[in-house]
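Structure file run.tsv (TSV, C-alpha atoms) is printed below.
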chain	number	residue	atom	x	y	z
J	1	MET	CA	-30.33	36.29	16.60
J	2	PRO	CA	-30.56	33.98	19.65
J	3	ARG	CA	-30.07	30.32	18.75
J	4	THR	CA	-31.18	27.18	20.54
J	5	VAL	CA	-28.37	25.02	21.93
J	6	GLY	CA	-29.11	21.74	23.67
J	7	LYS	CA	-26.94	18.87	24.89
J	8	LEU	CA	-27.80	15.60	26.56
J	9	SER	CA	-25.60	12.77	27.79
J	10	LEU	CA	-27.16	9.61	29.21
J	11	SER	CA	-25.90	6.12	30.03
J	12	SER	CA	-27.31	2.95	31.59
J	13	LYS	CA	-25.71	0.20	33.65
J	14	GLU	CA	-26.53	-3.25	34.98
J	15	VAL	CA	-28.13	-3.18	38.44
J	16	GLY	CA	-28.84	-6.71	39.60
J	17	ALA	CA	-31.46	-8.21	37.31
J	18	ARG	CA	-32.45	-4.85	35.80
J	19	SER	CA	-30.92	-1.73	34.32
J	20	GLY	CA	-30.36	1.57	36.07
J	21	LEU	CA	-29.19	5.07	35.32
J	22	ASP	CA	-25.42	5.42	35.26
J	23	GLN	CA	-24.67	9.00	34.18
J	24	PHE	CA	-27.01	11.78	33.14
J	25	ARG	CA	-26.39	15.37	32.17
J	26	THR	CA	-28.33	17.99	30.22
J	27	GLN	CA	-27.57	21.50	29.05
J	28	GLY	CA	-29.59	24.27	27.44
J	29	ALA	CA	-32.80	23.25	25.68
J	30	MET	CA	-32.48	19.49	26.21
J	31	LYS	CA	-34.31	17.86	29.13
J	32	ALA	CA	-35.47	14.33	29.90
J	33	LEU	CA	-38.14	12.48	31.84
J	34	PHE	CA	-37.88	8.85	32.92
J	35	ALA	CA	-40.70	6.33	32.81
J	36	ARG	CA	-41.09	3.69	35.51
J	37	SER	CA	-39.60	0.53	34.05
J	38	ASN	CA	-37.27	-2.36	34.84
J	39	ASP	CA	-34.93	-0.81	32.27
J	40	VAL	CA	-33.92	2.77	31.59
J	41	GLN	CA	-36.58	4.47	29.48
J	42	ALA	CA	-35.90	8.13	28.72
J	43	ILE	CA	-38.27	10.64	27.11
J	44	LEU	CA	-36.21	13.42	25.55
J	45	ILE	CA	-37.62	16.95	25.43
J	46	ASN	CA	-36.46	19.89	23.32
J	47	THR	CA	-37.87	22.77	25.39
J	48	SER	CA	-37.44	25.25	22.53
J	49	GLY	CA	-40.41	23.65	20.77
J	50	GLY	CA	-38.66	23.07	17.46
J	51	LEU	CA	-35.63	23.72	15.28
J	52	THR	CA	-34.71	26.56	12.98
J	53	GLY	CA	-31.58	27.85	11.25
J	54	GLY	CA	-28.53	27.93	13.53
J	55	ASP	CA	-29.98	25.70	16.27
J	56	THR	CA	-27.87	22.77	17.46
J	57	LEU	CA	-28.73	19.66	19.48
J	58	ASP	CA	-26.12	17.10	20.58
J	59	LEU	CA	-27.27	13.77	22.04
J	60	ASN	CA	-25.03	11.05	23.46
J	61	LEU	CA	-26.64	7.80	24.62
J	62	THR	CA	-24.76	4.79	25.97
J	63	ALA	CA	-26.07	1.35	26.94
J	64	GLY	CA	-23.52	-0.10	29.34
J	65	GLU	CA	-22.62	-3.77	29.46
J	66	ASN	CA	-25.61	-6.10	30.14
J	67	SER	CA	-28.05	-3.18	30.33
J	68	GLN	CA	-30.96	-1.93	28.26
J	69	LEU	CA	-31.66	1.69	27.35
J	70	THR	CA	-34.66	3.01	25.43
J	71	ALA	CA	-34.91	6.62	24.31
J	72	THR	CA	-37.78	8.38	22.59
J	73	THR	CA	-39.11	11.93	22.30
J	74	GLN	CA	-42.03	13.53	24.07
J	75	ALA	CA	-43.67	14.45	20.77
J	76	ALA	CA	-42.83	14.95	17.13
J	77	GLU	CA	-39.81	17.17	16.51
J	78	ARG	CA	-40.44	20.15	14.22
J	79	ALA	CA	-38.06	21.78	11.78
J	80	TYR	CA	-39.39	25.28	11.10
J	81	ARG	CA	-38.57	27.85	8.42
J	82	ALA	CA	-34.94	28.96	8.63
J	83	GLN	CA	-34.13	32.61	8.01
J	84	SER	CA	-30.43	31.81	7.70
J	85	GLY	CA	-28.13	28.84	8.26
J	86	MET	CA	-29.09	25.26	9.03
J	87	ALA	CA	-30.24	23.53	12.18
J	88	ARG	CA	-27.99	20.64	13.22
J	89	VAL	CA	-28.88	17.55	15.23
J	90	THR	CA	-26.12	15.09	16.10
J	91	THR	CA	-26.88	11.79	17.83
J	92	HIS	CA	-24.19	9.36	19.00
J	93	LEU	CA	-25.23	5.92	20.23
J	94	THR	CA	-22.84	3.54	21.99
J	95	VAL	CA	-23.83	-0.04	22.82
J	96	HIS	CA	-21.56	-2.33	24.85
J	97	ASP	CA	-21.42	-6.14	25.18
J	98	ASN	CA	-24.76	-7.89	25.79
J	99	ALA	CA	-26.53	-4.53	25.94
J	100	GLN	CA	-29.47	-3.26	23.93
J	101	LEU	CA	-30.22	0.30	22.89
J	102	ASN	CA	-33.59	1.24	21.41
J	103	TRP	CA	-33.49	4.60	19.62
J	104	LEU	CA	-37.17	5.34	18.96
J	105	PRO	CA	-37.78	9.06	18.36
J	106	GLN	CA	-41.21	10.11	17.20
J	107	GLU	CA	-41.69	11.78	13.82
J	108	LEU	CA	-39.61	14.65	12.52
J	109	ILE	CA	-41.93	17.12	10.75
J	110	LEU	CA	-40.33	19.24	8.03
J	111	PHE	CA	-42.05	22.60	7.56
J	112	GLU	CA	-41.87	24.81	4.47
J	113	GLY	CA	-38.54	26.63	4.35
J	114	SER	CA	-36.86	24.30	6.86
J	115	ALA	CA	-33.12	23.62	6.69
J	116	LEU	CA	-31.77	20.71	8.75
J	117	HIS	CA	-28.59	18.63	8.83
J	118	ARG	CA	-29.04	15.47	10.92
J	119	THR	CA	-26.35	12.91	11.77
J	120	LEU	CA	-26.65	9.64	13.66
J	121	LYS	CA	-23.60	7.56	14.55
J	122	ALA	CA	-23.75	4.24	16.38
J	123	ASP	CA	-20.80	2.29	17.78
J	124	LEU	CA	-21.50	-1.34	18.70
J	125	THR	CA	-19.39	-4.08	20.20
J	126	GLU	CA	-19.59	-7.65	18.90
J	127	ASN	CA	-22.54	-8.74	21.06
J	128	ALA	CA	-24.47	-5.45	21.13
J	129	ARG	CA	-28.09	-5.11	20.02
J	130	LEU	CA	-29.59	-2.01	18.39
J	131	LEU	CA	-33.09	-1.03	17.31
J	132	MET	CA	-33.41	2.37	15.65
J	133	VAL	CA	-36.11	4.10	13.66
J	134	GLU	CA	-36.20	7.53	12.04
J	135	PRO	CA	-39.69	8.62	10.86
J	136	VAL	CA	-40.00	11.80	8.76
J	137	VAL	CA	-43.16	13.70	7.78
J	138	PHE	CA	-43.18	16.15	4.88
J	139	GLY	CA	-45.34	19.08	5.98
J	140	ARG	CA	-48.76	19.25	7.58
J	141	THR	CA	-50.97	17.68	4.95
J	142	ALA	CA	-54.11	18.20	7.07
J	143	MET	CA	-53.51	21.96	6.77
J	144	GLY	CA	-52.81	21.79	3.05
J	145	GLU	CA	-49.13	22.63	3.47
J	146	THR	CA	-46.82	21.91	0.54
J	147	LEU	CA	-43.03	21.90	0.67
J	148	THR	CA	-41.59	23.90	-2.22
J	149	ASP	CA	-38.29	24.94	-0.62
J	150	ILE	CA	-36.55	22.77	2.00
J	151	GLN	CA	-33.06	21.48	2.77
J	152	PHE	CA	-32.74	18.17	4.56
J	153	HIS	CA	-29.47	16.28	4.82
J	154	ASP	CA	-29.51	13.02	6.78
J	155	ARG	CA	-26.63	10.67	7.55
J	156	ILE	CA	-26.57	7.31	9.40
J	157	ASP	CA	-23.31	5.53	10.20
J	158	ILE	CA	-23.30	2.27	12.20
J	159	ARG	CA	-20.07	0.52	13.14
J	160	ARG	CA	-19.23	-2.70	14.94
J	161	ASN	CA	-15.84	-2.75	16.68
J	162	GLY	CA	-14.89	0.25	14.54
J	163	THR	CA	-15.78	-1.40	11.22
J	164	PRO	CA	-18.60	0.18	9.17
J	165	ILE	CA	-21.55	-2.19	8.79
J	166	TYR	CA	-24.28	0.23	7.67
J	167	LYS	CA	-24.17	3.65	6.03
J	168	ASP	CA	-27.06	5.67	4.68
J	169	GLY	CA	-27.27	9.17	3.26
J	170	LEU	CA	-30.17	11.29	2.10
J	171	ASP	CA	-30.15	14.78	0.55
J	172	LEU	CA	-33.49	16.43	-0.14
J	173	ASN	CA	-33.50	19.95	-1.54
J	174	GLY	CA	-36.04	22.24	-3.14
J	175	ASP	CA	-39.60	21.33	-4.09
J	176	MET	CA	-40.30	18.14	-2.15
J	177	THR	CA	-44.00	18.05	-3.01
J	178	GLN	CA	-43.18	17.86	-6.71
J	179	HIS	CA	-40.29	15.48	-6.13
J	180	LEU	CA	-42.32	13.02	-4.04
J	181	ALA	CA	-45.17	13.10	-6.55
J	182	ARG	CA	-42.99	11.30	-9.11
J	183	ARG	CA	-44.06	7.69	-9.51
J	184	ALA	CA	-40.56	6.24	-9.26
J	185	ILE	CA	-39.77	8.16	-6.07
J	186	GLY	CA	-42.74	8.68	-3.76
J	187	GLN	CA	-46.02	8.29	-5.66
J	188	GLY	CA	-47.36	11.25	-3.69
J	189	ALA	CA	-46.10	10.05	-0.30
J	190	GLY	CA	-46.14	12.47	2.61
J	191	ALA	CA	-44.09	10.47	5.13
J	192	MET	CA	-41.30	7.93	5.31
J	193	ALA	CA	-39.32	5.87	7.81
J	194	SER	CA	-36.03	4.01	8.02
J	195	LEU	CA	-35.55	1.20	10.52
J	196	VAL	CA	-32.49	-0.88	11.39
J	197	TYR	CA	-32.53	-3.84	13.78
J	198	ILE	CA	-29.24	-5.49	14.73
J	199	ALA	CA	-29.54	-8.58	16.92
J	200	PRO	CA	-28.94	-12.34	16.70
J	201	ASP	CA	-32.67	-12.98	16.12
J	202	ALA	CA	-33.03	-10.53	13.21
J	203	GLU	CA	-33.60	-13.27	10.63
J	204	ALA	CA	-36.31	-14.88	12.78
J	205	HIS	CA	-38.41	-11.71	12.56
J	206	LEU	CA	-38.07	-11.14	8.81
J	207	LYS	CA	-40.97	-13.18	7.37
J	208	SER	CA	-43.46	-12.00	9.97
J	209	ILE	CA	-42.54	-8.36	9.40
J	210	GLN	CA	-42.67	-8.70	5.62
J	211	SER	CA	-46.19	-10.13	5.90
J	212	GLN	CA	-47.33	-7.00	7.80
J	213	LEU	CA	-45.87	-4.43	5.43
J	214	PRO	CA	-47.97	-2.28	3.09
J	215	PRO	CA	-47.12	-2.30	-0.65
J	216	THR	CA	-45.06	0.88	-0.17
J	217	ALA	CA	-42.55	-0.74	2.20
J	218	GLY	CA	-39.86	-3.37	2.11
J	219	ALA	CA	-37.68	-5.26	4.56
J	220	SER	CA	-34.62	-7.43	4.01
J	221	LEU	CA	-31.54	-8.79	5.74
J	222	ARG	CA	-28.39	-6.77	5.19
J	223	GLU	CA	-26.49	-9.35	7.25
J	224	PRO	CA	-27.74	-12.46	9.09
J	225	ASP	CA	-28.15	-10.33	12.23
J	226	MET	CA	-29.19	-7.05	10.55
J	227	LEU	CA	-32.73	-6.32	9.39
J	228	VAL	CA	-33.30	-3.13	7.39
J	229	LEU	CA	-36.71	-1.66	6.58
J	230	ARG	CA	-37.79	1.26	4.40
J	231	MET	CA	-41.30	2.62	4.23
J	232	ILE	CA	-43.22	5.46	2.61
J	233	ALA	CA	-46.82	6.36	3.41
J	234	ALA	CA	-49.48	8.85	2.42
J	235	ASP	CA	-49.28	10.67	5.75
J	236	SER	CA	-48.10	10.36	9.35
J	237	PHE	CA	-51.20	8.43	10.42
J	238	GLU	CA	-50.66	5.69	7.85
J	239	LEU	CA	-46.95	5.61	8.62
J	240	ARG	CA	-47.51	5.17	12.34
J	241	ARG	CA	-50.23	2.56	11.84
J	242	SER	CA	-47.80	0.41	9.86
J	243	LEU	CA	-44.82	1.02	12.15
J	244	LEU	CA	-46.43	0.36	15.54
J	245	PRO	CA	-46.85	-3.43	15.32
J	246	ILE	CA	-43.32	-3.80	13.95
J	247	LEU	CA	-41.79	-1.66	16.71
J	248	ASP	CA	-43.82	-3.57	19.30
J	249	ARG	CA	-42.42	-6.84	18.01
J	250	LEU	CA	-38.80	-5.76	17.76
J	251	SER	CA	-38.80	-3.95	21.11
J	252	ARG	CA	-40.47	-6.98	22.72
J	253	ASP	CA	-43.49	-4.88	23.69
J	254	GLY	CA	-41.20	-2.22	25.12
J	255	LEU	CA	-42.39	0.65	22.92
J	256	PRO	CA	-42.64	3.82	25.05
J	257	THR	CA	-46.12	5.02	26.02
J	258	SER	CA	-45.59	8.40	24.31
J	259	TRP	CA	-45.83	6.61	20.95
J	260	ARG	CA	-49.46	5.72	21.69
J	261	LEU	CA	-50.76	9.10	22.90

Using the file provided, produce a representation of the structure as structure tokens.
Amino acid sequence: MPRTVGKLSLSSKEVGARSGLDQFRTQGAMKALFARSNDVQAILINTSGGLTGGDTLDLNLTAGENSQLTATTQAAERAYRAQSGMARVTTHLTVHDNAQLNWLPQELILFEGSALHRTLKADLTENARLLMVEPVVFGRTAMGETLTDIQFHDRIDIRRNGTPIYKDGLDLNGDMTQHLARRAIGQGAGAMASLVYIAPDAEAHLKSIQSQLPPTAGASLREPDMLVLRMIAADSFELRRSLLPILDRLSRDGLPTSWRL
């Protein structure tokens, strides 16, 4: 059967007092639009409309020295039922000295029968800044959908000067509705998000962010310059309502417009 293949490579560079596009290339299903901004703000588009077994997307984003790059998605990504094989999404972020990269995709929605392996790797230099969030929604609760058979494998690997500073792994298989209903795991949650903020001012944001969090979320410092946040919510609406003010704060009011539509 035909499979979706998409590749995107994008980098930013310093242009006077602002940031500009350095290199840009797309292939297959991946496209991008650029918002008007003093920095590079890219809206990534998967023209296939979603992911199913055998599909592959490869994304490479680089914030060059002294530049700022923000990347988001046009809408929520969808992982549909897979007849065979797994969909694979690989994202590689590179952030150079005195640069900032904001990786802010909108929600990933897992449909019944979906099978997805997702990997994110980030390579930072000593003075690089990174803000990343990965929101996930388990089915379309408004339509009464339950997830009784899914495969979702998620890996995050962040390194500074080649040394691992943050690793995270998640394997979800089978009946997620039943699994998330357990009190010690999800208490009936239908959505979740992971956020990592690496910057010299991470500690300064901690108390304010903690005061905004719902009871089903927590934030702490992994290192003096690394803030990590985990959140579960009843549905995508509640998740987004809690995330928006935090993303606004950490992106310095640079959250892409597509998040508010």

- For range 167-184 of chain J, list every protein, DNA or RNA residue within 6 Å, evaluated using all atoms listed in the file, and leave out those in the same chain fewer than 2 positions away; present the list as a PyMOL selection string. chain J and resi 146-157+186-188

Between CA of Glu223 in chain J and CA of Ser67 in chain J, what is the spacing in Å?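 Answer for the CA of Ser67 in chain J to CA of Glu223 in chain J separation: 23.9 Å.
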
Report task. Could you please determine the separation between CA of Ser9 in chain J and CA of Ala193 in chain J in Å, to one decimal place? Result ->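 Those two atoms sit 25.2 Å apart.
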
- request: Record the distance separating CA of Trp259 in chain J and CA of Gln74 in chain J, expressed in Å with one decimal.
  value: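 CA of Trp259 in chain J sits 8.5 Å away from CA of Gln74 in chain J.
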
**Q.** Surrounding residues of range 232-245 of chain J excluding itself and chain neighbours under 3 positions, 10 Å, all atoms listed in the file, as a PyMOL selection string
**A.** chain J and resi 106-107+109+133+135-142+185-195+209+212-218+248-251+253+255+259-260

Counting all atoms listed in the file, the residue of J:Glu145, J:Leu130, J:Asn38, J:Thr26 that sits nearest Ala202 in chain J: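 Closest to Ala202 in chain J of all the choices is J:Leu130.
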
- Message: If we draw a sphere of 9 Å around (-27.0, 16.0, 19.2), which residues have at least one atom in it when counting all atoms listed in the file? Please report them as a list in words.
- Response: Gly6, Lys7, Leu8, Thr56, Leu57, Asp58, Leu59, Asn60, Arg88, Val89, Thr90, Thr91, His92, Arg118, Thr119 and Leu120 of chain J

message: I'd like the contact shell of Ala99 in chain J - 9 Å cut-off, all atoms listed in the file, skipping same-chain residues fewer than 6 positions apart - returned as a list in words.
response: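 Answer for this query is Ala63, Gly64, Glu65, Asn66, Ser67, Gln68, Leu69, Asn127, Ala128, Arg129 and Leu130 of chain J.
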
Nearest candidate to Thr73 in chain J (options J:Gln210, J:Asp22, J:Leu108, J:His205; using only C-alpha atoms):
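Using only C-alpha atoms, the shortest distance to Thr73 in chain J belongs to J:Leu108.
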
Closest of J:Trp103, J:Ile165, J:Arg252, J:Thr257 to Leu227 in chain J - atom-to-atom distances counting only C-alpha atoms: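 The shortest atom-to-atom distance to Leu227 in chain J comes from J:Ile165.
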